[in-house]
Amino acid sequence: MASLPTRDALYYGGLLYWAISDHLEEQAARSADAVALRLPSIGAFAQSYEVSYFFGIPRSGFVAGQVTDVKAARIGLTVRNAEDRTRMSLHIGSTGSMAESAIW
């Protein structure tokens, strides 16, 4: 992603996160004969930029890394029994955490 402008890299990073998250939630719901729906959620996608100075004058800069911080990924979940609900909730939470680190 080094050749993309920052705004595009962040846009596609966010888009990829939500696509992966939605896909994995759908697969988990399908495996338990349930229905999952993402509710309004919020996440931050950022890049830090490091600047090198030469006698106080900015000389060069580079992207130091990307950060994904999903504050709230809310899911509506309908299942047939309580055991499946607990199992699916843990699975969906784990895959959401995995997707945060996998997109970059």
# chains A, B, ... in the order shown; residues from 1 in each chain; ligands from 1
$ select_by_dssp --residues "stretch 24-101 of chain A" --states "helix (DSSP H, G or I)" --output "MDAnalysis selection string"
chainID A and resid 24:31 82:101
$ residues_around --residues "stretch 49-56 of chain A" --least-positions-apart "3" --cutoff "12 Å" --atoms "only C-alpha atoms" --output "compact mmCIF listing (two decimals) with C-alpha atoms, in the first residue's frame"
# COMPACT_ATOMS: atom_id res chain seq x y z
CA THR A 6 -2.96 8.08 2.60
CA ALA A 46 -5.03 5.88 11.01
CA ARG A 59 13.94 16.81 4.94
CA SER A 60 12.05 13.56 4.50
CA GLY A 61 9.09 11.67 5.83
CA PHE A 62 7.72 8.18 5.86
CA VAL A 63 4.69 6.26 7.07
CA ALA A 64 5.64 4.60 10.36
CA GLY A 65 2.68 2.24 10.52
CA GLN A 66 -1.05 1.81 10.41
CA VAL A 67 -3.46 1.57 13.31
$ select_by_dssp --residues "stretch 18-62 of chain A" --states "strand (DSSP E or B)" --output "PyMOL selection string"
chain A and resi 35-38+42-54+57-62
$ write_last_selection --atoms "N, CA and C atoms" --output "compact mmCIF listing (two decimals), in the first residue's frame"
# COMPACT_ATOMS: atom_id res chain seq x y z
N VAL A 35 -28.93 -16.11 12.35
CA VAL A 35 -28.88 -14.90 11.53
C VAL A 35 -28.09 -13.84 12.30
N ALA A 36 -27.11 -13.23 11.64
CA ALA A 36 -26.33 -12.15 12.24
C ALA A 36 -26.43 -10.92 11.35
N LEU A 37 -26.56 -9.76 11.98
CA LEU A 37 -26.67 -8.50 11.25
C LEU A 37 -25.83 -7.46 11.97
N ARG A 38 -24.93 -6.80 11.23
CA ARG A 38 -24.12 -5.75 11.84
C ARG A 38 -24.98 -4.51 12.04
N ILE A 42 -18.50 1.58 15.03
CA ILE A 42 -17.53 2.65 14.81
C ILE A 42 -16.11 2.12 14.97
N GLY A 43 -15.23 2.61 14.10
CA GLY A 43 -13.82 2.23 14.16
C GLY A 43 -12.97 3.35 13.60
N ALA A 44 -11.72 3.41 14.03
CA ALA A 44 -10.78 4.43 13.55
C ALA A 44 -9.64 3.74 12.81
N PHE A 45 -9.28 4.28 11.67
CA PHE A 45 -8.20 3.75 10.86
C PHE A 45 -7.23 4.91 10.62
N ALA A 46 -5.97 4.76 11.05
CA ALA A 46 -5.03 5.88 11.01
C ALA A 46 -3.63 5.42 10.60
N GLN A 47 -2.83 6.38 10.15
CA GLN A 47 -1.42 6.15 9.84
C GLN A 47 -0.60 7.21 10.56
N SER A 48 0.53 6.80 11.13
CA SER A 48 1.42 7.79 11.72
C SER A 48 2.51 8.13 10.71
N TYR A 49 2.90 9.38 10.71
CA TYR A 49 3.88 9.87 9.74
C TYR A 49 5.08 10.43 10.50
N GLU A 50 6.26 9.93 10.20
CA GLU A 50 7.50 10.37 10.85
C GLU A 50 8.25 11.31 9.91
N VAL A 51 8.71 12.43 10.46
CA VAL A 51 9.44 13.42 9.67
C VAL A 51 10.86 13.50 10.18
N SER A 52 11.83 13.50 9.25
CA SER A 52 13.24 13.69 9.59
C SER A 52 13.62 15.14 9.29
N TYR A 53 14.35 15.74 10.23
CA TYR A 53 14.73 17.15 10.09
C TYR A 53 16.24 17.27 9.87
N PHE A 54 16.65 18.27 9.13
CA PHE A 54 18.06 18.59 8.92
C PHE A 54 18.24 20.04 9.35
N ILE A 57 14.94 21.87 9.51
CA ILE A 57 14.16 21.92 8.27
C ILE A 57 13.70 20.50 7.93
N PRO A 58 12.40 20.31 7.69
CA PRO A 58 11.93 18.97 7.32
C PRO A 58 12.61 18.49 6.04
N ARG A 59 13.20 17.31 6.10
CA ARG A 59 13.94 16.81 4.94
C ARG A 59 13.25 15.63 4.27
N SER A 60 12.73 14.72 5.07
CA SER A 60 12.05 13.56 4.50
C SER A 60 11.00 13.06 5.49
N GLY A 61 10.12 12.24 4.98
CA GLY A 61 9.09 11.67 5.83
C GLY A 61 8.70 10.29 5.34
N PHE A 62 8.16 9.51 6.24
CA PHE A 62 7.72 8.18 5.86
C PHE A 62 6.58 7.74 6.78
$ residues_around --residues "A:Gly13" --least-positions-apart "4" --cutoff "7 Å" --atoms "only C-alpha atoms" --output "ChimeraX atom specification"
/A:9,17,103
$ residues_around --residues "stretch 80-96 of chain A" --least-positions-apart "4" --cutoff "7 Å" --atoms "only C-alpha atoms" --output "mmCIF file with C-alpha atoms, in the first residue's frame"
data_model
loop_
_atom_site.group_PDB
_atom_site.id
_atom_site.type_symbol
_atom_site.label_atom_id
_atom_site.label_comp_id
_atom_site.auth_asym_id
_atom_site.auth_seq_id
_atom_site.Cartn_x
_atom_site.Cartn_y
_atom_site.Cartn_z
ATOM 1 C CA SER A 21 -15.802 -8.868 9.585
ATOM 2 C CA LEU A 24 -16.805 -14.074 8.974
ATOM 3 C CA GLU A 25 -19.939 -13.176 10.949
ATOM 4 C CA ALA A 28 -20.398 -18.218 11.778
ATOM 5 C CA ALA A 32 -25.140 -22.434 13.645
ATOM 6 C CA GLU A 100 -8.133 -5.656 13.017
#
$ atom_distance --atom1 "atom CA of A:Pro40" --atom2 "atom CA of A:Tyr11"
17.7 Å
$ closest_residue --among "A:Thr68, A:Arg7, A:Gly14, A:Gly76" --to "A:Ser97" --atoms "only C-alpha atoms"
A:Thr68
$ atom_distance --atom1 "atom CA of A:Ser101" --atom2 "atom CA of A:Ala29"
22.3 Å
